[in-house]
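Chemist: Please read through the structure below; I'll follow up with questions.
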Number of protein chains: 2
Amino acid sequence: MGERLDIHNSETPVLCRSCEARHRGMCGALKPDELVEFARHTRKERHEHGDELIGDSTAIHSYANVMHGVVKLSKVLEDGRQQVVGLQFAPDFLGRLFGRESVLTAEAASTVDLCVIPRPALEQMINRTPALERRLMQQTLRELDEARDWMVTLGRKTAQEKVASFLYLIAMHADPAAEPVDGVSFELPLSRADIADFLGLTIETVSRQLTKLRQLGVVSISNNRTVEVPDLEVLQGLCG
Amino acid sequence: MGERLDIHNSETPVLCRSCEARHRGMCGALKPDELVEFARHTRKERHEHGDELIGDSTAIHSYANVMHGVVKLSKVLEDGRQQVVGLQFAPDFLGRLFGRESVLTAEAASTVDLCVIPRPALEQMINRTPALERRLMQQTLRELDEARDWMVTLGRKTAQEKVASFLYLIAMHADPAAEPVDGVSFELPLSRADIADFLGLTIETVSRQLTKLRQLGVVSISNNRTVEVPDLEVLQGLCG
DNA sequence: CACATTTTTTGATCTGAATCAAACCGTCGC
DNA sequence: GCGACGGTTTGATTCAGATCAAAAAATGTG
């Protein structure tokens with residue numbers, strides 16, 4: 001667990017020092033010299049809300065770490081029906097390893113800072129650094145767990161439970177340290193339309209359920225975006 | 001692609017010679033001597049339809065390859081609502097790598113043959129054999145892709161499309177070589193109740209939609225289990 | 001084989017969420 | 001300040017799929 005010993009090492013690239021990926025993300029697997037090598041290939045990119053980061057069926061030329069913001073992963077049926085299949089927060093890894101082309105669309109749900117690395121550079125690094133591959137494996141397994149949890153929500157929960165589950169998910173990501181006992185406050189990273197696409201509902205139903213949760217005193221919402229949850233345990237109780 | 005050159009090598013363990021995992025599964029990553037080493041730790045197990053292979057919230061002591069049959073992965077909410085979150089066919093890998101305890105239930109959906117390996121043995125092998133870890137990574141990524149595809153089905157498709165998608169999924173697994181142009185015939189590995197839990201529907205709705213597909217001439221079903229699809233392309237067209 | 005049990009199908013009715021429609025509310029530019 | 005415009009909320013109605021109920025078919029059993 002001595003991974004942080006080198007934080008004050010002058011060799012650590014400046015940009016990496018405050019990066020979440022360095023601590024909790026994939027770069028935590030890298031030794032100082034490996035990190036320097038890694039940073040030689042990366043570039044920082046800022047994207048605004050709505051920007052498409054990866055297009056469906058486009059060739060995969062690069063990967064990235066989410067440094068800040070929220071990325072929305074989604075799929076669409078030919079007739080336009082859309083389903084959000086994942087949300088990525090800092091310090092998640094972005095991109096489909098070993099894939100020929102992307103099978104989904106990635107879009108900036110908020111202002112997003114990415115640390116982008118070209119595909120060949122990362123793949124060489126993975127081949128040389130087992131610890132890095134292991135980290136990425138663990139993140140992939142976590143994403144699989146999350147996807148399966150969400151399948152339960154999509155397949156078996158009521159609209160009310162879905163909306164509560166969504167708020168709970170965001171609350172936990174906004175403040176991962178929060179105990180369910182505490183109250184928390186956070187900004188919704190998604191519009192009602194995106195929330196609906198995440199939950200397999202319509203905009204109207206999402207709105208109605210939010211209203212209902214407000215009436216129950218489970219949450220209060222200001223400016224359509226700022227959510228306050230006085231008691232996370234109550235919210236959790238409504239998740240089904 | 002010379003992986004099969006050693007098939008006639010007398011060193012290849014007898015049980016492995018006809019095993020799908022040896023060819024398309026994780027054991028394809030092993031060199032002959034590694035395979036021998038691997039086989040020293042494994043045991044073959046047969047389970048009957050309905051047997052619980054892994055219990056929710058139980059410690060993970062071993063992993064396995066599915067040699068034959070279908071395994072159903074599912075999750076339940078406290079009040080008993082159930083969602084099937086995955087199906088594993090030969091030669092899929094079974095078990096949550098690096099996890100402390102299982103977050104789901106695995107159950108034999110048919111008679112299932114497993115090649116079981118104790119957790120420490122596999123983990124040591126992974127640490128010594130990068131190619132093995134890579135294979136498992138690829139399988140995990142594939143499972144993640146499948147989970148996300150299924151999220152679209154659960155969140156955005158109609159009952160008819162869900163049932164068609166399920167039949168199409170099974171048809172493709174029953175005969176992976178089949179072109180969508182051909183017709184195929186296969187046995188359903190799941191009961192109506194399991195299908196309903198997979199699709200987020202009720203038994204009655206599944207039954208009604210199957211009847212409707214039969215009336216449309218898209219499938220014909222005998223003995224409740226044997227399905228014939230005269231034209232896979234038509235079925236695919238109904239998947240949404 | 002007859003009988004009991006489980007699984008599946010079919011039918012009638014109900015309901016939660018979708019759809020259709022309109023009002024409301026920032027906020028942005030002029 | 002005003003109107004225009006996207007996003008959100010609220011209301012009325014419809015409908016797909018759930019629920020309740022029972023018949024029919026498959027499966028097991030002495």
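Letters A, B, ... go to the chains of the structure tokens in the order shown; residues in each chain start at 1; ligands are counted from 1 in the same order.
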List the neighbours of Met67 of chain B out to 7 Å using only C-alpha atoms (C1' of nucleotides); skip same-chain residues closer than 3 positions along the sequence, and give me the result as a list of chain:residue names.

Modeler: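 My list of contacting residues is B:Cys19, B:Glu20, B:Ala21, B:Ala90, B:Pro91, B:Asp113, B:Leu114, B:Cys115.
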
Chemist: For Leu94 of chain A, please output as a PDB file with N, CA and C atoms, in the first residue's frame all residues within 8 Å (counting only C-alpha atoms (C1' of nucleotides); exclusion window: fewer than 4 positions along the same chain).

Modeler:
ATOM      1  N   TYR A  63      -7.774   5.629 -25.640  1.00  0.00           N
ATOM      2  CA  TYR A  63      -8.481   5.389 -24.393  1.00  0.00           C
ATOM      3  C   TYR A  63      -8.349   6.639 -23.541  1.00  0.00           C
ATOM      4  N   ALA A  64      -9.028   6.661 -22.393  1.00  0.00           N
ATOM      5  CA  ALA A  64      -8.910   7.842 -21.540  1.00  0.00           C
ATOM      6  C   ALA A  64      -9.264   7.527 -20.092  1.00  0.00           C
ATOM      7  N   ASN A  65      -8.785   8.381 -19.209  1.00  0.00           N
ATOM      8  CA  ASN A  65      -9.259   8.375 -17.841  1.00  0.00           C
ATOM      9  C   ASN A  65     -10.146   9.591 -17.641  1.00  0.00           C
ATOM     10  N   VAL A  66     -11.235   9.410 -16.932  1.00  0.00           N
ATOM     11  CA  VAL A  66     -12.070  10.550 -16.579  1.00  0.00           C
ATOM     12  C   VAL A  66     -11.427  11.234 -15.373  1.00  0.00           C
ATOM     13  N   GLN A  88     -19.911   7.072 -16.112  1.00  0.00           N
ATOM     14  CA  GLN A  88     -18.522   6.986 -15.639  1.00  0.00           C
ATOM     15  C   GLN A  88     -18.155   8.273 -14.921  1.00  0.00           C
TER      16      GLN A  88
END

Chemist: Return the single residue from A:Ile203, A:Val112, A:Ile170, A:Ala164 that is closest to chain D, with distances computed using only C-alpha atoms (C1' of nucleotides).

Modeler: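 Among the listed residues, the smallest separation from chain D belongs to A:Ile203.
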
Chemist: Return as a Markdown table the residues of chain C lying at most 12 Å from chain B, together with the closest atom-to-atom pair for each and the distance in Å to one decimal, counting only C-alpha atoms (C1' of nucleotides), with rows in chain order and ascending residue number.

Modeler:
| residue | atom | partner | partner_atom | distance |
| --- | --- | --- | --- | --- |
| C:DT6 | C1' | B:Ser191 | CA | 11.8 |
| C:DT7 | C1' | B:Arg192 | CA | 8.4 |
| C:DT8 | C1' | B:Ser207 | CA | 7.4 |
| C:DT9 | C1' | B:Ser207 | CA | 6.9 |
| C:DT10 | C1' | B:Arg208 | CA | 8.5 |
| C:DG11 | C1' | B:Glu204 | CA | 11.3 |

Chemist: Between chain B and chain A, at 7 Å or less, what are the per-residue closest atom pairs and their distances in Å? Count only C-alpha atoms, order by chain and rising residue number, and return it as a Markdown table.

Modeler:
| residue | atom | partner | partner_atom | distance |
| --- | --- | --- | --- | --- |
| B:Leu77 | CA | A:Gly240 | CA | 6.7 |
| B:Arg81 | CA | A:Arg156 | CA | 6.6 |
| B:Gln83 | CA | A:Val152 | CA | 5.5 |
| B:Val85 | CA | A:Arg148 | CA | 5.7 |
| B:Met137 | CA | A:Met137 | CA | 6.0 |
| B:Thr140 | CA | A:Leu141 | CA | 6.8 |
| B:Leu141 | CA | A:Thr140 | CA | 6.8 |
| B:Leu144 | CA | A:Leu144 | CA | 5.3 |
| B:Ala147 | CA | A:Ala147 | CA | 6.3 |
| B:Arg148 | CA | A:Val85 | CA | 5.7 |
| B:Met151 | CA | A:Met151 | CA | 5.9 |
| B:Val152 | CA | A:Gln83 | CA | 5.5 |
| B:Leu154 | CA | A:Gly155 | CA | 5.6 |
| B:Gly155 | CA | A:Gly200 | CA | 4.2 |
| B:Arg156 | CA | A:Gly200 | CA | 5.8 |
| B:Leu199 | CA | A:Gly155 | CA | 6.8 |
| B:Gly200 | CA | A:Gly155 | CA | 4.2 |
| B:Gly240 | CA | A:Leu77 | CA | 6.8 |

Chemist: Pick out the chain B residues within 8 Å of chain D. Count only C-alpha atoms (C1' of nucleotides). Give them as a count of residues only.

Modeler: 4

Chemist: Write down as an MDAnalysis selection string the residues belonging to segment 40-182 of chain B that are assigned strand (DSSP E) by DSSP computed on the backbone.

Modeler: chainID B and resid 43:47 52:54 62:68 70:76 82:89 93:94 105:108 112:118

Chemist: Using the selection just defined, write its residues with C-alpha atoms as a short mmCIF file (atom, residue, chain, number, x, y, z; two decimals), in the first residue's frame.

Modeler:
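The result, written out as selection-v4.cif:
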data_model
loop_
_atom_site.label_atom_id
_atom_site.label_comp_id
_atom_site.auth_asym_id
_atom_site.auth_seq_id
_atom_site.Cartn_x
_atom_site.Cartn_y
_atom_site.Cartn_z
CA ARG B 43 -12.12 -31.76 -10.84
CA LYS B 44 -15.07 -32.48 -13.02
CA GLU B 45 -18.50 -32.01 -11.47
CA ARG B 46 -21.93 -32.81 -12.81
CA HIS B 47 -24.94 -30.87 -11.57
CA GLU B 52 -27.35 -24.06 -6.84
CA LEU B 53 -23.75 -23.70 -7.97
CA ILE B 54 -22.87 -20.48 -6.19
CA SER B 62 -13.40 -21.92 -6.36
CA TYR B 63 -13.93 -21.03 -9.99
CA ALA B 64 -15.08 -23.19 -12.87
CA ASN B 65 -15.43 -23.58 -16.60
CA VAL B 66 -18.77 -24.56 -18.01
CA MET B 67 -18.05 -27.69 -20.08
CA HIS B 68 -21.62 -28.48 -20.96
CA VAL B 70 -26.41 -23.67 -19.30
CA VAL B 71 -25.90 -21.75 -16.06
CA LYS B 72 -28.32 -19.05 -14.95
CA LEU B 73 -27.01 -16.05 -12.98
CA SER B 74 -29.60 -14.18 -10.97
CA LYS B 75 -30.24 -11.59 -8.31
CA VAL B 76 -33.20 -11.16 -6.01
CA GLN B 82 -35.99 -11.93 -9.20
CA GLN B 83 -33.93 -10.87 -12.20
CA VAL B 84 -31.77 -13.18 -14.28
CA VAL B 85 -28.65 -11.14 -15.05
CA GLY B 86 -26.79 -13.55 -17.28
CA LEU B 87 -26.62 -16.94 -18.91
CA GLN B 88 -23.38 -18.86 -19.24
CA PHE B 89 -22.81 -21.46 -21.91
CA PHE B 93 -15.80 -19.05 -17.13
CA LEU B 94 -17.83 -19.07 -13.93
CA THR B 105 -26.69 -16.76 -7.40
CA ALA B 106 -25.56 -19.25 -10.04
CA GLU B 107 -27.89 -22.13 -10.77
CA ALA B 108 -27.79 -25.01 -13.22
CA VAL B 112 -24.33 -28.92 -16.29
CA ASP B 113 -20.78 -30.24 -16.39
CA LEU B 114 -18.24 -28.05 -14.69
CA CYS B 115 -14.47 -28.15 -14.56
CA VAL B 116 -13.83 -26.78 -11.09
CA ILE B 117 -10.55 -25.31 -9.87
CA PRO B 118 -9.83 -24.06 -6.34
#

Chemist: For Arg100 of chain B, list every protein, DNA or RNA residue within 12 Å, evaluated using only C-alpha atoms (C1' of nucleotides), and leave out those in the same chain fewer than 6 positions away; present the list as a list in words.

Modeler: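 In the requested format, the answer is Asp56, Ser57, Thr58, Ala59, Ile60, His61, Ser62 and Arg119 of chain B.
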
Chemist: Those residues you just picked out, can you put them in a file as a PDB file, in the first residue's frame with N, CA and C atoms?

Modeler:
ATOM      1  N   ASP B  56     -25.688 -16.609  -3.320  1.00  0.00           N
ATOM      2  CA  ASP B  56     -25.498 -15.184  -3.087  1.00  0.00           C
ATOM      3  C   ASP B  56     -24.850 -14.981  -1.713  1.00  0.00           C
ATOM      4  N   SER B  57     -23.907 -14.049  -1.647  1.00  0.00           N
ATOM      5  CA  SER B  57     -23.235 -13.713  -0.380  1.00  0.00           C
ATOM      6  C   SER B  57     -22.467 -14.873   0.238  1.00  0.00           C
ATOM      7  N   THR B  58     -22.037 -15.816  -0.561  1.00  0.00           N
ATOM      8  CA  THR B  58     -21.183 -16.875  -0.015  1.00  0.00           C
ATOM      9  C   THR B  58     -19.743 -16.612  -0.431  1.00  0.00           C
ATOM     10  N   ALA B  59     -18.813 -17.053   0.400  1.00  0.00           N
ATOM     11  CA  ALA B  59     -17.392 -16.858   0.119  1.00  0.00           C
ATOM     12  C   ALA B  59     -17.015 -17.590  -1.167  1.00  0.00           C
ATOM     13  N   ILE B  60     -16.059 -17.031  -1.879  1.00  0.00           N
ATOM     14  CA  ILE B  60     -15.645 -17.609  -3.150  1.00  0.00           C
ATOM     15  C   ILE B  60     -14.430 -18.503  -2.926  1.00  0.00           C
ATOM     16  N   HIS B  61     -14.646 -19.799  -3.019  1.00  0.00           N
ATOM     17  CA  HIS B  61     -13.557 -20.748  -2.785  1.00  0.00           C
ATOM     18  C   HIS B  61     -13.036 -21.369  -4.060  1.00  0.00           C
ATOM     19  N   SER B  62     -13.840 -21.288  -5.121  1.00  0.00           N
ATOM     20  CA  SER B  62     -13.396 -21.918  -6.357  1.00  0.00           C
ATOM     21  C   SER B  62     -14.029 -21.250  -7.574  1.00  0.00           C
ATOM     22  N   ARG B 119      -9.798 -21.731  -5.851  1.00  0.00           N
ATOM     23  CA  ARG B 119      -9.423 -20.344  -6.029  1.00  0.00           C
ATOM     24  C   ARG B 119      -7.903 -20.098  -5.981  1.00  0.00           C
TER      25      ARG B 119
END
